[in-house]
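K.L.:
What follows is start-v9.txt, made up of compact mmCIF, C-alpha atoms (C1' of nucleotides):
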# COMPACT_ATOMS: atom_id res chain seq x y z
CA MET A 1 -199.69 79.21 131.46
CA ALA A 2 -202.69 81.53 131.23
CA PRO A 3 -203.74 82.22 127.63
CA GLN A 4 -203.01 85.64 126.18
CA PHE A 5 -206.64 86.25 125.29
CA ASP A 6 -209.92 85.08 126.74
CA PRO A 7 -210.75 81.64 125.31
CA ILE A 8 -214.38 82.12 126.26
CA GLU A 9 -214.68 85.41 124.41
CA GLU A 10 -212.97 83.74 121.47
CA ALA A 11 -215.50 80.91 121.57
CA GLY A 12 -218.29 83.49 121.52
CA ARG A 13 -216.91 85.07 118.37
CA ASN A 14 -216.58 81.72 116.66
CA TRP A 15 -220.03 80.64 117.70
CA GLU A 16 -221.46 83.87 116.36
CA ALA A 17 -219.51 83.65 113.12
CA ASN A 18 -220.88 80.16 112.51
CA GLY A 19 -224.44 81.27 113.05
CA TRP A 20 -224.89 78.91 115.99
CA ALA A 21 -227.73 79.87 118.30
CA GLN A 22 -227.86 80.77 121.99
CA VAL A 23 -224.49 82.42 122.24
CA ASP A 24 -225.42 84.05 125.58
CA ALA A 25 -226.31 80.70 127.07
CA MET A 26 -223.13 79.11 125.73
CA LEU A 27 -221.02 81.85 127.24
CA ALA A 28 -222.73 81.61 130.62
CA ALA A 29 -222.42 77.81 130.68
CA THR A 30 -218.77 77.89 129.67
CA SER A 31 -217.95 80.60 132.21
CA LEU A 32 -219.72 78.71 134.94
CA THR A 33 -217.80 75.56 134.12
CA ARG A 34 -214.48 77.32 134.12
CA VAL A 35 -215.03 79.26 137.35
CA HIS A 36 -216.27 76.15 139.08
CA GLN A 37 -213.12 74.35 138.04
CA VAL A 38 -210.80 77.10 139.32
CA MET A 39 -212.73 77.60 142.55
CA LEU A 40 -212.86 73.90 143.33
CA ALA A 41 -209.15 73.45 142.72
CA ARG A 42 -208.45 76.20 145.25
CA ILE A 43 -210.83 74.79 147.78
CA ASP A 44 -209.46 71.27 147.51
CA SER A 45 -205.94 72.59 147.70
CA ALA A 46 -206.72 74.49 150.91
CA LEU A 47 -208.25 71.37 152.44
CA ALA A 48 -205.63 68.87 151.30
CA GLN A 49 -203.41 69.35 154.33
CA LEU A 50 -206.33 68.31 156.53
CA ASP A 51 -206.83 65.10 154.56
CA LEU A 52 -210.09 66.52 153.21
CA ASN A 53 -211.59 67.62 149.94
CA PHE A 54 -214.72 69.73 149.45
CA SER A 55 -217.13 66.78 149.36
CA ARG A 56 -215.73 65.22 152.48
CA PHE A 57 -215.63 68.59 154.22
CA GLU A 58 -219.29 69.20 153.39
CA VAL A 59 -220.23 65.90 154.97
CA LEU A 60 -218.25 66.67 158.11
CA ALA A 61 -219.79 70.13 158.37
CA LEU A 62 -223.27 68.68 157.98
CA LEU A 63 -222.65 66.09 160.67
CA SER A 64 -221.18 68.65 163.03
CA PHE A 65 -224.33 70.75 162.66
CA SER A 66 -226.64 67.84 163.36
CA ARG A 67 -228.27 67.59 166.74
CA GLU A 68 -226.90 64.14 167.54
CA GLY A 69 -223.67 64.35 165.64
CA GLN A 70 -224.93 61.62 163.39
CA LEU A 71 -227.19 61.19 160.37
CA PRO A 72 -228.44 58.34 158.20
CA MET A 73 -226.43 57.96 155.01
CA GLY A 74 -229.50 58.65 152.93
CA LYS A 75 -230.19 61.92 154.70
CA ILE A 76 -226.68 63.05 153.95
CA GLY A 77 -227.21 62.41 150.27
CA ASP A 78 -230.49 64.34 150.33
CA ARG A 79 -229.03 67.37 152.05
CA LEU A 80 -225.92 67.56 149.92
CA GLN A 81 -227.79 66.44 146.82
CA VAL A 82 -225.32 63.78 145.85
CA HIS A 83 -225.79 60.16 144.85
CA ALA A 84 -226.14 57.44 147.46
CA ALA A 85 -223.15 55.67 145.96
CA SER A 86 -221.07 58.79 146.42
CA VAL A 87 -222.12 59.01 150.05
CA THR A 88 -221.02 55.42 150.58
CA ASN A 89 -217.67 56.22 149.05
CA THR A 90 -217.22 59.47 150.97
CA ILE A 91 -218.13 57.97 154.33
CA THR A 92 -215.77 55.07 153.76
CA ARG A 93 -213.01 57.55 153.09
CA LEU A 94 -213.86 59.66 156.14
CA GLU A 95 -213.97 56.52 158.22
CA SER A 96 -210.51 55.48 157.12
CA SER A 97 -209.29 58.94 158.10
CA GLY A 98 -210.77 58.49 161.55
CA PHE A 99 -213.25 61.35 161.15
CA VAL A 100 -216.50 59.40 161.34
CA LYS A 101 -217.70 55.92 162.06
CA ARG A 102 -220.62 53.88 160.82
CA VAL A 103 -223.19 52.92 163.45
CA PRO A 104 -226.23 50.72 162.89
CA HIS A 105 -229.57 52.47 163.29
CA PRO A 106 -231.20 51.30 166.55
CA ASP A 107 -234.72 50.95 165.10
CA ASP A 108 -234.25 50.32 161.39
CA GLY A 109 -231.99 47.55 160.22
CA ARG A 110 -231.76 49.02 156.74
CA THR A 111 -230.27 52.26 157.89
CA THR A 112 -226.66 53.07 158.69
CA LEU A 113 -225.78 56.17 160.65
CA ALA A 114 -222.59 58.11 160.07
CA ARG A 115 -221.39 59.52 163.38
CA ILE A 116 -218.79 62.25 163.60
CA LEU A 117 -215.84 61.61 165.91
CA ASP A 118 -213.87 64.16 167.91
CA GLN A 119 -211.12 64.16 165.33
CA GLY A 120 -213.76 64.83 162.69
CA ARG A 121 -215.21 67.80 164.56
CA GLN A 122 -211.79 69.25 164.97
CA SER A 123 -210.94 68.85 161.30
CA ALA A 124 -214.29 70.27 160.25
CA SER A 125 -213.64 73.36 162.30
CA GLN A 126 -210.10 73.69 160.92
CA GLY A 127 -211.44 73.18 157.42
CA ALA A 128 -214.00 75.93 157.90
CA ALA A 129 -211.25 78.29 158.99
CA ALA A 130 -209.04 77.29 156.06
CA LEU A 131 -211.87 77.90 153.62
CA ALA A 132 -212.78 81.22 155.23
CA ASP A 133 -209.16 82.27 154.75
CA ILE A 134 -209.40 81.80 151.01
CA GLU A 135 -213.01 83.00 150.79
CA PHE A 136 -213.98 79.61 149.46
CA GLY A 137 -211.85 80.10 146.42
CA LEU A 138 -213.80 83.22 145.48
CA THR A 139 -211.29 85.98 146.17
CA GLY A 140 -211.60 88.52 143.41
CA LEU A 141 -215.32 89.01 143.97
CA ASP A 142 -216.42 91.45 146.63
CA THR A 143 -219.28 90.66 149.00
CA SER A 144 -221.95 92.25 146.87
CA GLU A 145 -220.74 90.39 143.81
CA LYS A 146 -220.81 87.12 145.72
CA ASN A 147 -224.32 87.85 146.91
CA GLN A 148 -225.46 88.80 143.44
CA LEU A 149 -224.00 85.56 142.16
CA SER A 150 -225.83 83.56 144.84
CA ALA A 151 -229.05 85.37 144.02
CA THR A 152 -228.86 84.67 140.31
CA LEU A 153 -228.01 81.04 140.98
CA ALA A 154 -230.93 80.82 143.40
CA THR A 155 -233.21 82.10 140.65
CA TYR A 156 -232.02 79.23 138.52
CA ARG A 157 -232.45 76.67 141.25
CA ILE A 158 -235.96 77.82 142.05
CA ALA A 159 -236.99 77.91 138.40
CA ASN A 160 -235.73 74.38 137.99
CA ASP A 161 -237.37 72.91 141.05
CA ASP A 162 -234.09 72.14 142.67
CA PHE A 163 -236.14 72.47 145.84
CA ARG A 164 -239.65 73.69 146.56
CA MET B 1 -236.90 63.91 145.08
CA ALA B 2 -236.28 67.62 145.53
CA PRO B 3 -235.96 68.66 149.18
CA GLN B 4 -238.81 70.55 150.81
CA PHE B 5 -236.56 73.42 151.80
CA ASP B 6 -233.42 74.92 150.37
CA PRO B 7 -230.43 72.96 151.64
CA ILE B 8 -228.15 75.84 150.80
CA GLU B 9 -230.17 78.33 152.82
CA GLU B 10 -230.19 75.80 155.64
CA ALA B 11 -226.41 75.51 155.44
CA GLY B 12 -226.19 79.29 155.70
CA ARG B 13 -228.23 79.29 158.90
CA ASN B 14 -226.11 76.55 160.42
CA TRP B 15 -222.90 78.23 159.41
CA GLU B 16 -224.07 81.47 160.96
CA ALA B 17 -225.26 79.77 164.13
CA ASN B 18 -221.86 78.18 164.58
CA GLY B 19 -220.07 81.45 164.17
CA TRP B 20 -218.16 80.24 161.13
CA ALA B 21 -216.81 83.02 158.97
CA GLN B 22 -217.39 83.98 155.33
CA VAL B 23 -220.99 82.86 155.07
CA ASP B 24 -221.49 84.84 151.86
CA ALA B 25 -218.56 83.13 150.22
CA MET B 26 -219.73 79.72 151.40
CA LEU B 27 -223.19 80.31 149.96
CA ALA B 28 -221.84 81.49 146.63
CA ALA B 29 -219.43 78.56 146.37
CA THR B 30 -222.10 76.04 147.28
CA SER B 31 -224.62 77.55 144.88
CA LEU B 32 -222.09 77.56 142.10
CA THR B 33 -221.27 73.92 142.70
CA ARG B 34 -224.88 72.89 142.72
CA VAL B 35 -225.89 74.83 139.62
CA HIS B 36 -222.89 73.55 137.75
CA GLN B 37 -223.89 70.01 138.63
CA VAL B 38 -227.48 70.44 137.46
CA MET B 39 -226.51 72.29 134.31
CA LEU B 40 -223.86 69.77 133.34
CA ALA B 41 -226.22 66.86 133.85
CA ARG B 42 -228.68 68.48 131.45
CA ILE B 43 -226.04 69.24 128.90
CA ASP B 44 -224.59 65.74 128.97
CA SER B 45 -228.05 64.26 128.78
CA ALA B 46 -228.88 66.31 125.68
CA LEU B 47 -225.66 65.21 124.02
CA ALA B 48 -225.78 61.54 124.98
CA GLN B 49 -227.80 60.51 121.94
CA LEU B 50 -225.04 61.91 119.74
CA ASP B 51 -222.40 59.84 121.53
CA LEU B 52 -220.99 63.05 123.01
CA ASN B 53 -220.58 64.72 126.35
CA PHE B 54 -219.75 68.36 127.02
CA SER B 55 -215.96 67.89 126.98
CA ARG B 56 -215.98 65.97 123.75
CA PHE B 57 -218.45 68.41 122.20
CA GLU B 58 -216.21 71.34 123.12
CA VAL B 59 -213.29 69.70 121.35
CA LEU B 60 -215.35 69.04 118.23
CA ALA B 61 -216.64 72.61 118.22
CA LEU B 62 -213.12 73.96 118.57
CA LEU B 63 -211.86 71.81 115.72
CA SER B 64 -214.76 72.75 113.49
CA PHE B 65 -213.94 76.43 114.04
CA SER B 66 -210.28 75.98 113.20
CA ARG B 67 -209.05 77.11 109.82
CA GLU B 68 -207.66 73.73 108.79
CA GLY B 69 -210.08 71.53 110.68
CA GLN B 70 -207.19 70.31 112.76
CA LEU B 71 -205.17 71.40 115.77
CA PRO B 72 -202.23 70.09 117.77
CA MET B 73 -203.30 68.25 120.91
CA GLY B 74 -201.49 70.76 123.07
CA LYS B 75 -203.30 73.69 121.51
CA ILE B 76 -206.60 72.04 122.29
CA GLY B 77 -205.65 71.75 125.93
CA ASP B 78 -204.63 75.40 126.03
CA ARG B 79 -207.83 76.66 124.49
CA LEU B 80 -210.14 74.54 126.58
CA GLN B 81 -207.93 74.84 129.64
CA VAL B 82 -207.83 71.15 130.39
CA HIS B 83 -204.99 68.81 131.22
CA ALA B 84 -202.91 67.26 128.45
CA ALA B 85 -203.80 63.80 129.73
CA SER B 86 -207.47 64.66 129.45
CA VAL B 87 -206.98 65.75 125.86
CA THR B 88 -205.32 62.44 125.08
CA ASN B 89 -208.24 60.62 126.59
CA THR B 90 -210.87 62.77 124.90
CA ILE B 91 -209.29 62.51 121.46
CA THR B 92 -208.97 58.74 121.82
CA ARG B 93 -212.66 58.60 122.62
CA LEU B 94 -213.61 60.86 119.71
CA GLU B 95 -211.42 58.79 117.43
CA SER B 96 -213.17 55.59 118.42
CA SER B 97 -216.49 57.30 117.64
CA GLY B 98 -215.21 58.16 114.16
CA PHE B 99 -215.38 61.92 114.79
CA VAL B 100 -211.70 62.77 114.53
CA LYS B 101 -208.45 61.14 113.61
CA ARG B 102 -204.88 61.62 114.74
CA VAL B 103 -202.47 62.85 112.10
CA PRO B 104 -198.73 63.33 112.56
CA HIS B 105 -197.53 66.92 112.30
CA PRO B 106 -195.67 67.38 109.01
CA ASP B 107 -192.84 69.47 110.48
CA ASP B 108 -192.60 68.49 114.13
CA GLY B 109 -192.30 64.86 115.08
CA ARG B 110 -193.34 65.57 118.66
CA THR B 111 -196.69 66.97 117.71
CA THR B 112 -199.88 65.10 116.91
CA LEU B 113 -202.73 66.84 115.15
CA ALA B 114 -206.36 65.98 115.80
CA ARG B 115 -208.30 66.36 112.57
CA ILE B 116 -212.09 66.54 112.49
CA LEU B 117 -213.84 64.17 110.09
CA ASP B 118 -217.10 64.74 108.24
CA GLN B 119 -219.00 62.71 110.77
CA GLY B 120 -217.48 64.87 113.48
CA ARG B 121 -218.54 68.10 111.81
CA GLN B 122 -222.03 66.79 111.44
CA SER B 123 -222.25 65.73 115.07
CA ALA B 124 -220.78 69.02 116.25
CA SER B 125 -223.45 70.88 114.36
CA GLN B 126 -226.18 68.61 115.70
CA GLY B 127 -224.78 68.98 119.19
CA ALA B 128 -224.83 72.76 118.90
CA ALA B 129 -228.48 72.61 117.92
CA ALA B 130 -229.31 70.22 120.75
CA LEU B 131 -227.62 72.49 123.27
CA ALA B 132 -229.29 75.59 121.87
CA ASP B 133 -232.63 73.80 122.33
CA ILE B 134 -232.03 73.45 126.04
CA GLU B 135 -230.24 76.80 126.37
CA PHE B 136 -227.14 74.97 127.53
CA GLY B 137 -228.99 73.69 130.55
CA LEU B 138 -229.70 77.23 131.71
CA THR B 139 -233.43 77.51 131.09
CA GLY B 140 -234.91 79.42 133.98
CA LEU B 141 -232.58 82.38 133.52
CA ASP B 142 -233.53 85.04 131.01
CA THR B 143 -230.97 86.57 128.67
CA SER B 144 -230.09 89.45 130.94
CA GLU B 145 -229.62 87.11 133.88
CA LYS B 146 -227.35 84.91 131.81
CA ASN B 147 -225.35 87.92 130.73
CA GLN B 148 -225.10 89.20 134.25
CA LEU B 149 -223.88 85.81 135.32
CA SER B 150 -221.26 85.77 132.59
CA ALA B 151 -220.16 89.26 133.57
CA THR B 152 -219.73 88.42 137.23
CA LEU B 153 -217.85 85.26 136.36
CA ALA B 154 -215.64 87.25 133.98
CA THR B 155 -214.83 89.61 136.86
CA TYR B 156 -213.65 86.60 138.80
CA ARG B 157 -211.63 85.19 135.95
CA ILE B 158 -209.91 88.50 135.29
CA ALA B 159 -209.16 89.09 138.96
CA ASN B 160 -207.62 85.63 139.16
CA ASP B 161 -205.50 85.89 136.04
CA ASP B 162 -207.35 83.13 134.30
CA PHE B 163 -206.16 84.95 131.21
CA ARG B 164 -204.46 88.28 130.62
C1' DA C 1 -249.88 36.42 158.82
C1' DG C 2 -247.96 36.51 154.10
C1' DG C 3 -246.10 38.43 150.01
C1' DG C 4 -245.15 42.16 146.97
C1' DA C 5 -243.53 46.91 146.99
C1' DA C 6 -240.69 50.31 148.85
C1' DT C 7 -236.56 51.79 151.17
C1' DA C 8 -231.52 51.81 152.43
C1' DC C 9 -227.14 50.86 151.48
C1' DT C 10 -223.27 48.58 148.87
C1' DT C 11 -220.98 46.81 144.86
C1' DG C 12 -219.21 46.73 140.26
C1' DG C 13 -218.51 48.90 135.89
C1' DA C 14 -217.93 52.94 132.91
C1' DC C 15 -215.91 57.48 132.70
C1' DA C 16 -213.39 61.57 133.55
C1' DT C 17 -209.72 64.22 135.79
C1' DC C 18 -205.26 65.06 137.59
C1' DA C 19 -200.38 64.27 138.81
C1' DA C 20 -196.23 62.16 137.92
C1' DA C 21 -193.31 59.37 135.30
C1' DG C 22 -191.91 57.73 130.74
C1' DT C 23 -190.74 58.16 125.66
C1' DA C 24 -189.68 60.62 121.61
C1' DT C 25 -188.28 64.68 119.23
C1' DT C 26 -186.63 69.30 118.74
C1' DT C 27 -184.22 73.43 120.33
C1' DA C 28 -180.58 75.87 122.44
C1' DT C 29 -175.88 76.30 123.92
C1' DC C 30 -171.12 75.82 124.03
C1' DG D 1 -171.83 69.01 116.00
C1' DA D 2 -172.69 67.07 120.55
C1' DT D 3 -175.36 67.32 124.57
C1' DA D 4 -178.44 69.20 127.99
C1' DA D 5 -182.86 71.32 128.31
C1' DA D 6 -187.32 72.01 126.70
C1' DT D 7 -191.44 70.46 124.46
C1' DA D 8 -195.28 67.18 123.13
C1' DC D 9 -197.76 63.46 123.98
C1' DT D 10 -198.92 58.97 126.35
C1' DT D 11 -199.19 55.89 130.17
C1' DT D 12 -200.13 54.60 134.77
C1' DG D 13 -202.20 55.04 139.12
C1' DA D 14 -205.13 57.35 142.52
C1' DT D 15 -209.68 59.73 143.02
C1' DG D 16 -214.32 60.70 142.53
C1' DT D 17 -218.97 60.49 140.25
C1' DC D 18 -222.82 58.23 138.28
C1' DC D 19 -225.81 54.35 136.99
C1' DA D 20 -227.58 49.88 137.41
C1' DA D 21 -227.82 45.77 139.75
C1' DG D 22 -227.64 43.23 144.10
C1' DT D 23 -228.74 42.39 149.07
C1' DA D 24 -231.10 43.18 153.23
C1' DT D 25 -234.84 45.03 155.87
C1' DT D 26 -239.20 47.19 156.62
C1' DC D 27 -243.73 48.71 155.15
C1' DC D 28 -248.21 48.08 153.32
C1' DC D 29 -252.29 45.66 152.02
C1' DT D 30 -255.48 42.13 151.90
When written as structure tokens, how does the structure in this file appear?
P.N.:
Amino acid sequence: MAPQFDPIEEAGRNWEANGWAQVDAMLAATSLTRVHQVMLARIDSALAQLDLNFSRFEVLALLSFSREGQLPMGKIGDRLQVHAASVTNTITRLESSGFVKRVPHPDDGRTTLARILDQGRQSASQGAAALADIEFGLTGLDTSEKNQLSATLATYRIANDDFR
Amino acid sequence: MAPQFDPIEEAGRNWEANGWAQVDAMLAATSLTRVHQVMLARIDSALAQLDLNFSRFEVLALLSFSREGQLPMGKIGDRLQVHAASVTNTITRLESSGFVKRVPHPDDGRTTLARILDQGRQSASQGAAALADIEFGLTGLDTSEKNQLSATLATYRIANDDFR
DNA sequence: AGGGAATACTTGGACATCAAAGTATTTATC
DNA sequence: GATAAATACTTTGATGTCCAAGTATTCCCT
């Protein structure tokens, strides 16, 4: 299944041999893509038994942290930095699982609130435990490596105005 | 557009406050997800004018590096570590763009070769230049940060038998 | 108060990915 | 040499994401 050599290293050699520029950037981008893919597969696999995936889990976690147990759809998109259309889709899915329900905003007819239900809180908490068990798919890195990774990624996010 | 505070940092505080375990892993996983999303959007955007996205570009690059300018579909999936069905889809798309064509394997009736065409080589080369221009979506990290990132991610891939 | 602009969400279409089933061909075994 | 197993690719269906357009409601400005 796993290749006998590192396909990313191989790509670096080829890139170099062809005189293509920015080999370091290519290698970092390719590595990031691959690790994201592996990590996400593990995370989703750990959550599958709870009828969750990472996106849906993130929404549940966010709602469970909120003061009122509910948030406007738009706010959810802002916090998780995903498209409004994706939020619509995710909430619909969570609703059909019985984890949240849509509630009209009392003061603003445009706004829909997603409210977490008891079943949703319970699954969020179980999901958090399941993810902690697998270290969020990041087993193989020790704590300092994880923190170094977060720090480097934060540098990127700051430099690119991902937030201010 | 961009939030006023760091949503990931905020998530860390909430996680901590709720006594949920593995905060460091959660932060690393969330950061990785977010950076991957931003980076990929930039990459795809830079390639869009060439009628390419990152997946299709990777296939073209791989084919252009190959000795014969052609590879079996299965080999492509192995090298890029993507599903066979995705390779089928990607090659079909590249074929309709006039970048590659399917050729039957001379010795093995089961195997289909994807062969890069002149137009494909040209677009691969242009794509490489376009990606070099934007540092593969990783502007904001200097070379040593990119290399450090690659190194940490390689640690992960080795520890998880992504290759041997 | 009235009307255009902004905001909030949903819908529909284009893509991409994966898993599982299906088809065709080759290899291995007796 | 026949047949079961393995291999290679495609097809189909379920998901999930984004963009752009559509609908509804509220805000802002004169």
K.L.:
Smallest atom-to-atom distance to B:Trp20: which of A:Leu138, A:Val35, A:Leu131, A:Val100, using only C-alpha atoms?
P.N.:
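When distances to B:Trp20 are compared using only C-alpha atoms, the smallest one comes from A:Leu131.
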K.L.:
Could you work out which residues of chain D fall inside 8 Å of chain B? Count all atoms listed in the file, and format the result as a list in words.
P.N.:
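Close enough to count are DT7, DA8, DC9 and DT10 of chain D.
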K.L.:
Taking C-alpha atoms (C1' of nucleotides) for each residue, export the selection above as an mmCIF file, in the frame of the given file.
P.N.:
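Now in again-v2.cif:
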data_model
loop_
_atom_site.group_PDB
_atom_site.id
_atom_site.type_symbol
_atom_site.label_atom_id
_atom_site.label_comp_id
_atom_site.auth_asym_id
_atom_site.auth_seq_id
_atom_site.Cartn_x
_atom_site.Cartn_y
_atom_site.Cartn_z
ATOM 1 C "C1'" DT D 7 -191.440 70.460 124.460
ATOM 2 C "C1'" DA D 8 -195.280 67.180 123.130
ATOM 3 C "C1'" DC D 9 -197.760 63.460 123.980
ATOM 4 C "C1'" DT D 10 -198.920 58.970 126.350
#
K.L.:
Identify every residue of chain C that has at least one atom within 9 Å of any atom of chain A, counting all atoms listed in the file, and report the result as number ranges by chain.
P.N.:
C: 7-10
K.L.:
Using all atoms listed in the file, determine which residues lie at most 12 Å from A:Asp44, disregarding the query and same-chain residues fewer than 2 positions distant; provide the list as a list in words.
P.N.:
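With the cut-off at 12 Å, the set is His36, Gln37, Val38, Met39, Leu40, Ala41, Arg42, Ala46, Leu47, Ala48, Gln49, Leu50, Asp51, Leu52, Asn53, Phe54, Ser55, Arg56, Phe57, Glu58, Gly127, Ala130, Leu131, Ile134, Phe136 and Gly137 of chain A.
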K.L.:
Between B:Ala151, B:Glu135, B:Gly77, B:Gly69, which has the minimum distance to chain A (counting all atoms listed in the file)?
P.N.:
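Nearest to chain A: B:Glu135.
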K.L.:
What gap, in Å, lies between atom CA of B:Ala154 and atom CA of A:Ser31?
P.N.:
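A separation of 7.3 Å between them.
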K.L.:
Could you list, as a list in words, every residue within 9 Å of A:Arg79, counting only C-alpha atoms (C1' of nucleotides) and ignoring same-chain residues fewer than 6 positions away?
P.N.:
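Those residues are Leu62 of chain A; Pro3, Asp6, Pro7 and Ile8 of chain B.
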K.L.:
Define the interface residues of chain B facing chain A as those within 6 Å, counting all atoms listed in the file, and report them as a PyMOL selection string.
P.N.:
chain B and resi 2-4+6-7+21-22+25+28+79+132+135-136+140-141+146+150+156+159+162-164
K.L.:
Could you write out that same residue set with C-alpha atoms as a PDB file, keeping the file's coordinate frame?
P.N.:
ATOM      1  CA  ALA B   2    -236.280  67.620 145.530  1.00  0.00           C
ATOM      2  CA  PRO B   3    -235.960  68.660 149.180  1.00  0.00           C
ATOM      3  CA  GLN B   4    -238.810  70.550 150.810  1.00  0.00           C
ATOM      4  CA  ASP B   6    -233.420  74.920 150.370  1.00  0.00           C
ATOM      5  CA  PRO B   7    -230.430  72.960 151.640  1.00  0.00           C
ATOM      6  CA  ALA B  21    -216.810  83.020 158.970  1.00  0.00           C
ATOM      7  CA  GLN B  22    -217.390  83.980 155.330  1.00  0.00           C
ATOM      8  CA  ALA B  25    -218.560  83.130 150.220  1.00  0.00           C
ATOM      9  CA  ALA B  28    -221.840  81.490 146.630  1.00  0.00           C
ATOM     10  CA  ARG B  79    -207.830  76.660 124.490  1.00  0.00           C
ATOM     11  CA  ALA B 132    -229.290  75.590 121.870  1.00  0.00           C
ATOM     12  CA  GLU B 135    -230.240  76.800 126.370  1.00  0.00           C
ATOM     13  CA  PHE B 136    -227.140  74.970 127.530  1.00  0.00           C
ATOM     14  CA  GLY B 140    -234.910  79.420 133.980  1.00  0.00           C
ATOM     15  CA  LEU B 141    -232.580  82.380 133.520  1.00  0.00           C
ATOM     16  CA  LYS B 146    -227.350  84.910 131.810  1.00  0.00           C
ATOM     17  CA  SER B 150    -221.260  85.770 132.590  1.00  0.00           C
ATOM     18  CA  TYR B 156    -213.650  86.600 138.800  1.00  0.00           C
ATOM     19  CA  ALA B 159    -209.160  89.090 138.960  1.00  0.00           C
ATOM     20  CA  ASP B 162    -207.350  83.130 134.300  1.00  0.00           C
ATOM     21  CA  PHE B 163    -206.160  84.950 131.210  1.00  0.00           C
ATOM     22  CA  ARG B 164    -204.460  88.280 130.620  1.00  0.00           C
TER      23      ARG B 164
END
K.L.:
Can you work out which one of A:Phe99, A:Leu60, A:Asp118, A:Arg93 has the shortest atom-to-atom distance to D:DT15, counting all atoms listed in the file?
P.N.:
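Result for the nearest residue to D:DT15: A:Arg93.
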